[in-house]
Amino acid sequence: MVEEMRIVLRNLGKIDPLKIDDYINAGGYKSLQKAWGMSQMDVIQEVKNSGLRGRGGAGFNAGVKWGFSYNTPADQKYVVCNADEGEPGTYKDRIIMEKDPQSLLEGMAICGYAIGATKGFIYCRGEYPFVAELLNQAIKQAKDKGVLGDFDIEVRMGAGAYVCGEETALIESIEGHRGEPRFKPPFPGVSGLWGKPTVVNNVETFANLPSILEKGADWYKAIGAPGYPGTKVVTLTGDVANKTFFEVPTDTSIRDVVFGLGGGIPNNKKFKAVQIGGTSGGFIPEALLDTPIDFDSMGAIGATLGSGAVFVMDETRDIVDIATRIAKFFEHESCGKCTPCREGTKRMYELMVKMNNGQATAGDWALMNKLGSTMKQISLCGLGQAAPVPILTTMEHFNQEYKAKLLA
Amino acid sequence: MAMSDYKEIIRQYQNKSGGIIEAYNAIQKSYGYIPEDAVAAAASAFKVPKAEAYGVATFYSYLKIGPRGRNVIRICESAPCHIAGAEEVVKTLEKELGIKMGETTADGKFSLEFTECVGQCQATPVITVNRKPYEGVSAGNVAAILAEYK
Ligand SMILES: Cc1cc2nc3c(=O)[nH]c(=O)nc-3n(C[C@H](O)[C@H](O)[C@H](O)COP(=O)(O)O)c2cc1C
Ligand code: SF4
Ligand code: FES
């Protein structure tokens with residue numbers, strides 16, 4: 001039987017999120033002090049050795065990323081927390097921030113010390129004004145206690161743009177511009193916020209750090225899948241009995257998430273599909289449910305772990321209709337900076353509407369495949385690269401449903 | 001709701017690097033929208049061309065230049081809410097308020113807009129009123145939610 005394992009949510013329900021003393025009594029801020037007693041290089045090495053990889057979707061080794069910023073000389077460096085959480089079906093960063101905001105602050109301060117930054121920003125999505133308020137209170141408490149040393153943290157709000165979760169678009173937005181992604185390189189680690197070396201990490205990534213510093217890289221590395229160690233907070237939505245969040249080791253299988261902790265499909269219905277990682281993730285059929293959820297195993301089946309959103313669909317769901325809704329999402333959220341995505345998401349949505357209405361031909365099917373593979377290859381940012389994935393994976397795994405709607 | 005002057009709000013954020021979006025968010029919180037003149041005022045306060053100040057204000061879906069309803073109701077249409085019956089909720093809201101999605105009631109009290117996921121998917125479908133989330137909305141409880149704002 002699969003069980004939860006709580007690292008980032010270790011304090012869930014045990015402390016009052018707005019009482020910093022609760023956090024401190026539970027061992028909070030000991031890890032930051034421990035880090036201060038180590039050399040910056042040693043902290044970075046410890047994080048590298050732990051194998052911690054980004055929980056925001058791209059899965060990059062956190063310690064390696066920090067190393068880039070550490071090694072780039074500058075008069076000012078920044079730590080940025082990505083709390084944009086825009087992937088539909090995802091609410092794990094909100095839970096972490098609501099239940100244990102000090103964990104995030106401590107994680108950011110550890111990063112700040114390691115790379116030599118005295119200033120941090122939390123970019124909080126516009127949909128979470130109540131979370132921003134809570135964070136501001138938590139920051140004030142931490143400052144009053146003096147636990148952050150000379151590290152300062154400021155909350156900045158988004159205003160409803162999915163693309164601002166992309167790290168360079170997020171940086172543009174903090175700078176007060178339209179949230180359009182930048183060309184890379186240079187990567188933010190070298191030239192980010194106001195051109196300075198900037199580490200951008202996800203909320204969940206930062207929230208892992210106090211435990212890693214406390215218990216050591218070897219302890220962390222031994223948990224979950226060797227290539228993507230630790231735990232993942234997943235959020236379950238759709239046709240599943242337990243629509244809630246769980247934190248599980250990364251070697252847990254999709255089946256154990258959906259049918260074990262998730263409690264399976266309600267109302268005696270059968271499983272049809274699950275989409276993991278939010279709306280930009282691939283659709284997964286029954287046959288692949290024994291895949292572990294870790295980043296690399298998911299990649300190997302043409303899916304993603306992404307944000308850890310788990311969207312379950314039962315046998316009664318119309319896959320083509322859902323894929324059409326998803327195509328509309330991307331058409332709406334494309335920032336328009338590059339042509340393959342600006343035009344591609346529009347055409348893709350048009351084609352999906354045609355398919356969903358039973359007006360598409362075999363020619364349209366071929367066109368969709370071509371358009372999708374082009375967008376994947378040449379779109380500027382991850383939004384345009386991922387937009388075709390849900391459509392192409394449903395065309396692959398559920399092609400009977402499409403075929404049934406094609407014109408003869 | 002106490003309405004503070006947009007000029008005063010802009011002044012508060014003026015010295016913050018990149019503070020224009022913070023200022024817009026605060027203006028919108030106070031007015032419910034961004035007055036046309038506030039965009040020009042922001043342009044000069046943040047020392048950017050007017051076109052850029054417009055560009056920023058129009059890029060973000062939560063910012064809106066020009067008046068709209070005092071209470072903005074957004075219905076999440078992302079896939080999890082979509083399959084949970086968001087369409088029913090849309091129909092009920094349209095019927096209760098006598099307007100269509102994208103419109104504002106004649107008395108200026110309510111506007112209806114679509115949104116994507118607002119991160120409350122533990123009980124779908126979800127709507128927000130002035131960014132306050134309501135989960136597990138159904139045709140049956142729409143009227144009670146509206147009553148809070150009437
Ligand atoms: C369109 C798009 C949206 C994204 N949204 C988010 C998001 O909401 N939260 C997040 O942490 N990362 C998001 N990312 C990934 C970030 O670009 C970046 O990889 C991440 O913040 C790095 O942090 P990590 O290494 O800790 O995961 C998004 C990427 C793309 C292309
Ligand atoms: S891929 Fe889409 S979202 Fe990304 S830069 Fe191009 S147009 Fe903008
Ligand atoms: S999908 Fe509607 S709130 Fe998340």
# chains A, B, ... in the order shown; residues from 1 in each chain; ligands from 1
call {"tool": "interface_residues", "arguments": {"of": "chain B", "to": "chain A", "cutoff": "10 Å", "atoms": "only C-alpha atoms", "output": "PyMOL selection string"}}
result
chain B and resi 16-25+46+52-63+76-84+115-124+128+130-133
call {"tool": "residues_near_ligand", "arguments": {"ligand": "ligand 2", "cutoff": "12 Å", "atoms": "only C-alpha atoms and all ligand atoms", "output": "ChimeraX atom specification"}}
result
/A:161-170,178-184,329-346,374-388 /B:59
call {"tool": "write_last_selection", "arguments": {"atoms": "N, CA and C atoms", "output": "compact mmCIF listing (two decimals), in the first residue's frame"}}
result
# COMPACT_ATOMS: atom_id res chain seq x y z
N ALA A 161 -1.64 36.06 -16.12
CA ALA A 161 -1.03 35.68 -17.40
C ALA A 161 -0.25 34.40 -17.15
N TYR A 162 -0.70 33.33 -17.77
CA TYR A 162 -0.07 32.01 -17.58
C TYR A 162 1.40 32.03 -17.97
N VAL A 163 1.71 32.74 -19.05
CA VAL A 163 3.08 32.72 -19.57
C VAL A 163 4.08 33.29 -18.56
N CYS A 164 3.60 34.11 -17.62
CA CYS A 164 4.50 34.70 -16.61
C CYS A 164 5.10 33.66 -15.68
N GLY A 165 4.64 32.41 -15.75
CA GLY A 165 5.30 31.34 -15.00
C GLY A 165 6.61 30.94 -15.65
N GLU A 166 6.78 31.25 -16.93
CA GLU A 166 8.06 31.00 -17.61
C GLU A 166 9.06 31.97 -17.01
N GLU A 167 10.24 31.46 -16.64
CA GLU A 167 11.11 32.26 -15.77
C GLU A 167 11.53 33.61 -16.34
N THR A 168 11.78 33.69 -17.64
CA THR A 168 12.22 34.99 -18.17
C THR A 168 11.03 35.94 -18.34
N ALA A 169 9.86 35.40 -18.61
CA ALA A 169 8.65 36.24 -18.67
C ALA A 169 8.35 36.78 -17.28
N LEU A 170 8.55 35.92 -16.28
CA LEU A 170 8.35 36.31 -14.89
C LEU A 170 9.28 37.47 -14.52
N ARG A 178 5.53 43.93 -20.04
CA ARG A 178 4.68 42.84 -20.50
C ARG A 178 5.43 41.54 -20.25
N GLY A 179 4.71 40.50 -19.86
CA GLY A 179 5.38 39.24 -19.53
C GLY A 179 5.70 38.40 -20.75
N GLU A 180 6.63 38.88 -21.57
CA GLU A 180 7.02 38.10 -22.74
C GLU A 180 8.38 37.46 -22.51
N PRO A 181 8.50 36.15 -22.80
CA PRO A 181 9.77 35.46 -22.57
C PRO A 181 10.92 36.10 -23.34
N ARG A 182 12.11 35.98 -22.78
CA ARG A 182 13.31 36.46 -23.44
C ARG A 182 13.95 35.35 -24.25
N PHE A 183 14.80 35.75 -25.18
CA PHE A 183 15.62 34.76 -25.88
C PHE A 183 16.68 34.26 -24.90
N LYS A 184 16.93 32.93 -24.93
CA LYS A 184 17.97 32.37 -24.08
C LYS A 184 18.99 31.68 -24.98
N PHE A 329 -7.28 27.09 -24.34
CA PHE A 329 -6.42 27.64 -23.30
C PHE A 329 -5.13 28.21 -23.90
N PHE A 330 -4.49 27.42 -24.75
CA PHE A 330 -3.22 27.87 -25.31
C PHE A 330 -3.40 29.04 -26.28
N GLU A 331 -4.48 29.02 -27.02
CA GLU A 331 -4.73 30.13 -27.93
C GLU A 331 -4.86 31.42 -27.12
N HIS A 332 -5.53 31.32 -25.98
CA HIS A 332 -5.75 32.47 -25.12
C HIS A 332 -4.48 32.93 -24.42
N GLU A 333 -3.64 31.98 -24.01
CA GLU A 333 -2.48 32.33 -23.18
C GLU A 333 -1.21 32.60 -23.97
N SER A 334 -1.17 32.28 -25.26
CA SER A 334 0.02 32.59 -26.07
C SER A 334 0.30 34.08 -25.97
N CYS A 335 1.56 34.44 -25.73
CA CYS A 335 1.86 35.87 -25.55
C CYS A 335 1.99 36.58 -26.88
N GLY A 336 2.15 35.82 -27.96
CA GLY A 336 2.18 36.42 -29.28
C GLY A 336 3.55 36.89 -29.75
N LYS A 337 4.59 36.64 -28.96
CA LYS A 337 5.90 37.14 -29.35
C LYS A 337 6.48 36.40 -30.56
N CYS A 338 6.24 35.10 -30.63
CA CYS A 338 6.81 34.37 -31.77
C CYS A 338 5.71 33.75 -32.64
N THR A 339 6.00 33.67 -33.94
CA THR A 339 4.97 33.28 -34.90
C THR A 339 4.47 31.84 -34.76
N PRO A 340 5.38 30.85 -34.58
CA PRO A 340 4.87 29.47 -34.53
C PRO A 340 3.81 29.28 -33.45
N CYS A 341 3.96 29.96 -32.35
CA CYS A 341 3.00 29.79 -31.26
C CYS A 341 1.81 30.71 -31.44
N ARG A 342 2.05 31.97 -31.79
CA ARG A 342 0.94 32.92 -31.95
C ARG A 342 -0.04 32.41 -33.01
N GLU A 343 0.47 32.03 -34.18
CA GLU A 343 -0.38 31.54 -35.27
C GLU A 343 -0.78 30.09 -35.03
N GLY A 344 0.20 29.32 -34.54
CA GLY A 344 -0.01 27.89 -34.37
C GLY A 344 -1.12 27.57 -33.38
N THR A 345 -1.14 28.27 -32.23
CA THR A 345 -2.17 27.96 -31.24
C THR A 345 -3.56 28.31 -31.78
N LYS A 346 -3.61 29.36 -32.59
CA LYS A 346 -4.89 29.76 -33.20
C LYS A 346 -5.39 28.68 -34.17
N THR A 374 5.88 20.91 -35.72
CA THR A 374 6.60 22.16 -36.02
C THR A 374 6.64 23.05 -34.78
N MET A 375 5.50 23.21 -34.14
CA MET A 375 5.45 24.07 -32.95
C MET A 375 6.37 23.57 -31.85
N LYS A 376 6.39 22.25 -31.67
CA LYS A 376 7.24 21.68 -30.64
C LYS A 376 8.71 22.04 -30.87
N GLN A 377 9.07 22.05 -32.15
CA GLN A 377 10.48 22.27 -32.46
C GLN A 377 10.89 23.73 -32.46
N ILE A 378 10.04 24.63 -32.93
CA ILE A 378 10.55 25.99 -33.18
C ILE A 378 9.88 27.10 -32.37
N SER A 379 9.00 26.78 -31.45
CA SER A 379 8.45 27.85 -30.62
C SER A 379 9.53 28.37 -29.68
N LEU A 380 9.43 29.65 -29.34
CA LEU A 380 10.47 30.29 -28.54
C LEU A 380 10.50 29.77 -27.10
N CYS A 381 9.34 29.60 -26.48
CA CYS A 381 9.36 29.17 -25.07
C CYS A 381 8.55 27.90 -24.88
N GLY A 382 8.58 27.43 -23.66
CA GLY A 382 7.91 26.18 -23.32
C GLY A 382 6.42 26.18 -23.57
N LEU A 383 5.79 27.35 -23.60
CA LEU A 383 4.35 27.38 -23.82
C LEU A 383 4.02 26.84 -25.22
N GLY A 384 4.66 27.41 -26.21
CA GLY A 384 4.41 26.98 -27.59
C GLY A 384 4.92 25.58 -27.86
N GLN A 385 6.00 25.21 -27.14
CA GLN A 385 6.55 23.87 -27.34
C GLN A 385 5.63 22.80 -26.73
N ALA A 386 4.95 23.15 -25.65
CA ALA A 386 4.11 22.17 -24.96
C ALA A 386 2.67 22.15 -25.48
N ALA A 387 2.23 23.24 -26.08
CA ALA A 387 0.83 23.34 -26.50
C ALA A 387 0.35 22.15 -27.33
N PRO A 388 1.16 21.63 -28.25
CA PRO A 388 0.66 20.49 -29.05
C PRO A 388 0.63 19.17 -28.29
N PHE B 59 -1.75 43.72 -21.37
CA PHE B 59 -1.17 42.38 -21.49
C PHE B 59 -1.79 41.41 -20.50
call {"tool": "residues_around", "arguments": {"residues": "Tyr6 of chain B", "least_positions_apart": "5", "cutoff": "10 Å", "atoms": "only C-alpha atoms", "output": "list in words"}}
result
Arg11, Gln12, Ala23, Tyr24, Ala26, Ile27, Gln28, Ser30, Tyr31, Ile34, Pro35, Asp37, Ala38, Val39, Ala41 and Ala42 of chain B
call {"tool": "write_last_selection", "arguments": {"atoms": "N, CA and C atoms", "output": "PDB file, in the first residue's frame"}}
result
ATOM      1  N   ARG B  11       1.830  57.403  -6.699  1.00  0.00           N
ATOM      2  CA  ARG B  11       2.918  58.002  -5.915  1.00  0.00           C
ATOM      3  C   ARG B  11       3.539  56.978  -4.958  1.00  0.00           C
ATOM      4  N   GLN B  12       2.665  56.132  -4.383  1.00  0.00           N
ATOM      5  CA  GLN B  12       3.170  55.139  -3.433  1.00  0.00           C
ATOM      6  C   GLN B  12       4.144  54.133  -4.054  1.00  0.00           C
ATOM      7  N   ALA B  23       1.308  49.096  -9.035  1.00  0.00           N
ATOM      8  CA  ALA B  23       0.427  50.271  -9.008  1.00  0.00           C
ATOM      9  C   ALA B  23      -0.898  49.953  -9.708  1.00  0.00           C
ATOM     10  N   TYR B  24      -0.809  49.313 -10.864  1.00  0.00           N
ATOM     11  CA  TYR B  24      -2.039  48.939 -11.585  1.00  0.00           C
ATOM     12  C   TYR B  24      -2.913  48.023 -10.733  1.00  0.00           C
ATOM     13  N   ALA B  26      -3.036  47.840  -7.537  1.00  0.00           N
ATOM     14  CA  ALA B  26      -3.622  48.601  -6.431  1.00  0.00           C
ATOM     15  C   ALA B  26      -4.742  49.521  -6.918  1.00  0.00           C
ATOM     16  N   ILE B  27      -4.545  50.126  -8.086  1.00  0.00           N
ATOM     17  CA  ILE B  27      -5.591  50.997  -8.650  1.00  0.00           C
ATOM     18  C   ILE B  27      -6.836  50.159  -8.926  1.00  0.00           C
ATOM     19  N   GLN B  28      -6.591  49.011  -9.530  1.00  0.00           N
ATOM     20  CA  GLN B  28      -7.708  48.148  -9.863  1.00  0.00           C
ATOM     21  C   GLN B  28      -8.446  47.674  -8.610  1.00  0.00           C
ATOM     22  N   SER B  30      -8.780  49.346  -5.918  1.00  0.00           N
ATOM     23  CA  SER B  30      -9.546  50.469  -5.396  1.00  0.00           C
ATOM     24  C   SER B  30     -10.737  50.840  -6.293  1.00  0.00           C
ATOM     25  N   TYR B  31     -10.514  50.878  -7.610  1.00  0.00           N
ATOM     26  CA  TYR B  31     -11.555  51.330  -8.545  1.00  0.00           C
ATOM     27  C   TYR B  31     -12.358  50.183  -9.149  1.00  0.00           C
ATOM     28  N   ILE B  34      -9.014  50.182 -14.286  1.00  0.00           N
ATOM     29  CA  ILE B  34      -7.994  51.232 -14.385  1.00  0.00           C
ATOM     30  C   ILE B  34      -8.549  52.382 -15.217  1.00  0.00           C
ATOM     31  N   PRO B  35      -8.727  53.553 -14.624  1.00  0.00           N
ATOM     32  CA  PRO B  35      -9.232  54.682 -15.404  1.00  0.00           C
ATOM     33  C   PRO B  35      -8.240  55.039 -16.522  1.00  0.00           C
ATOM     34  N   ASP B  37      -7.203  57.781 -17.653  1.00  0.00           N
ATOM     35  CA  ASP B  37      -6.212  58.799 -17.294  1.00  0.00           C
ATOM     36  C   ASP B  37      -5.088  58.266 -16.414  1.00  0.00           C
ATOM     37  N   ALA B  38      -5.391  57.182 -15.681  1.00  0.00           N
ATOM     38  CA  ALA B  38      -4.378  56.620 -14.795  1.00  0.00           C
ATOM     39  C   ALA B  38      -3.222  56.030 -15.598  1.00  0.00           C
ATOM     40  N   VAL B  39      -3.520  55.562 -16.810  1.00  0.00           N
ATOM     41  CA  VAL B  39      -2.474  54.962 -17.641  1.00  0.00           C
ATOM     42  C   VAL B  39      -1.464  56.038 -18.039  1.00  0.00           C
ATOM     43  N   ALA B  41      -0.973  58.819 -16.457  1.00  0.00           N
ATOM     44  CA  ALA B  41      -0.282  59.253 -15.237  1.00  0.00           C
ATOM     45  C   ALA B  41       0.818  58.261 -14.856  1.00  0.00           C
ATOM     46  N   ALA B  42       0.532  56.963 -15.023  1.00  0.00           N
ATOM     47  CA  ALA B  42       1.527  55.943 -14.712  1.00  0.00           C
ATOM     48  C   ALA B  42       2.715  56.058 -15.663  1.00  0.00           C
TER      49      ALA B  42
END
call {"tool": "closest_residue", "arguments": {"among": "A:Thr231, A:Gln40, A:Ser103, A:Ser191", "to": "Phe246 of chain A", "atoms": "only C-alpha atoms"}}
result
A:Thr231
call {"tool": "select_by_dssp", "arguments": {"residues": "chain B", "states": "strand (DSSP E or B)", "output": "PyMOL selection string"}}
result
chain B and resi 34+65+71-76+104+110-115+127-129+132-134
call {"tool": "write_last_selection", "arguments": {"atoms": "C-alpha atoms", "output": "short mmCIF file (atom, residue, chain, number, x, y, z; two decimals), in the first residue's frame"}}
result
data_model
loop_
_atom_site.label_atom_id
_atom_site.label_comp_id
_atom_site.auth_asym_id
_atom_site.auth_seq_id
_atom_site.Cartn_x
_atom_site.Cartn_y
_atom_site.Cartn_z
CA ILE B 34 -7.99 51.23 -14.38
CA ILE B 65 -8.78 49.85 -18.74
CA ASN B 71 -18.13 43.05 -8.71
CA VAL B 72 -16.26 40.99 -11.25
CA ILE B 73 -17.35 37.38 -11.39
CA ARG B 74 -14.95 35.03 -13.15
CA ILE B 75 -15.80 31.49 -14.10
CA CYS B 76 -12.95 29.03 -14.43
CA THR B 104 -21.90 44.12 -17.28
CA PHE B 110 -21.76 42.77 -11.86
CA SER B 111 -19.54 41.78 -14.77
CA LEU B 112 -19.15 38.22 -16.03
CA GLU B 113 -15.80 37.03 -17.36
CA PHE B 114 -14.11 33.74 -18.14
CA THR B 115 -10.84 32.86 -16.48
CA ILE B 127 -15.77 30.89 -9.63
CA THR B 128 -14.23 33.99 -8.09
CA VAL B 129 -15.92 37.21 -7.12
CA LYS B 132 -12.32 35.65 -3.77
CA PRO B 133 -12.73 31.99 -4.67
CA TYR B 134 -15.92 29.93 -4.29
#
call {"tool": "residues_around", "arguments": {"residues": "Asn25 of chain A", "least_positions_apart": "6", "cutoff": "12 Å", "atoms": "only C-alpha atoms", "output": "PyMOL selection string"}}
result
chain A and resi 11+14-16+19
call {"tool": "select_by_dssp", "arguments": {"residues": "segment 72-105 of chain A", "states": "helix (DSSP H, G or I)", "output": "ChimeraX atom specification"}}
result
/A:92-99,101-105
call {"tool": "atom_distance", "arguments": {"atom1": "atom CA of Tyr33 of chain B", "atom2": "atom CA of Val80 of chain A"}}
result
28.6 Å
call {"tool": "atom_distance", "arguments": {"atom1": "atom CA of Met352 of chain A", "atom2": "atom CA of Glu396 of chain A"}}
result
14.7 Å
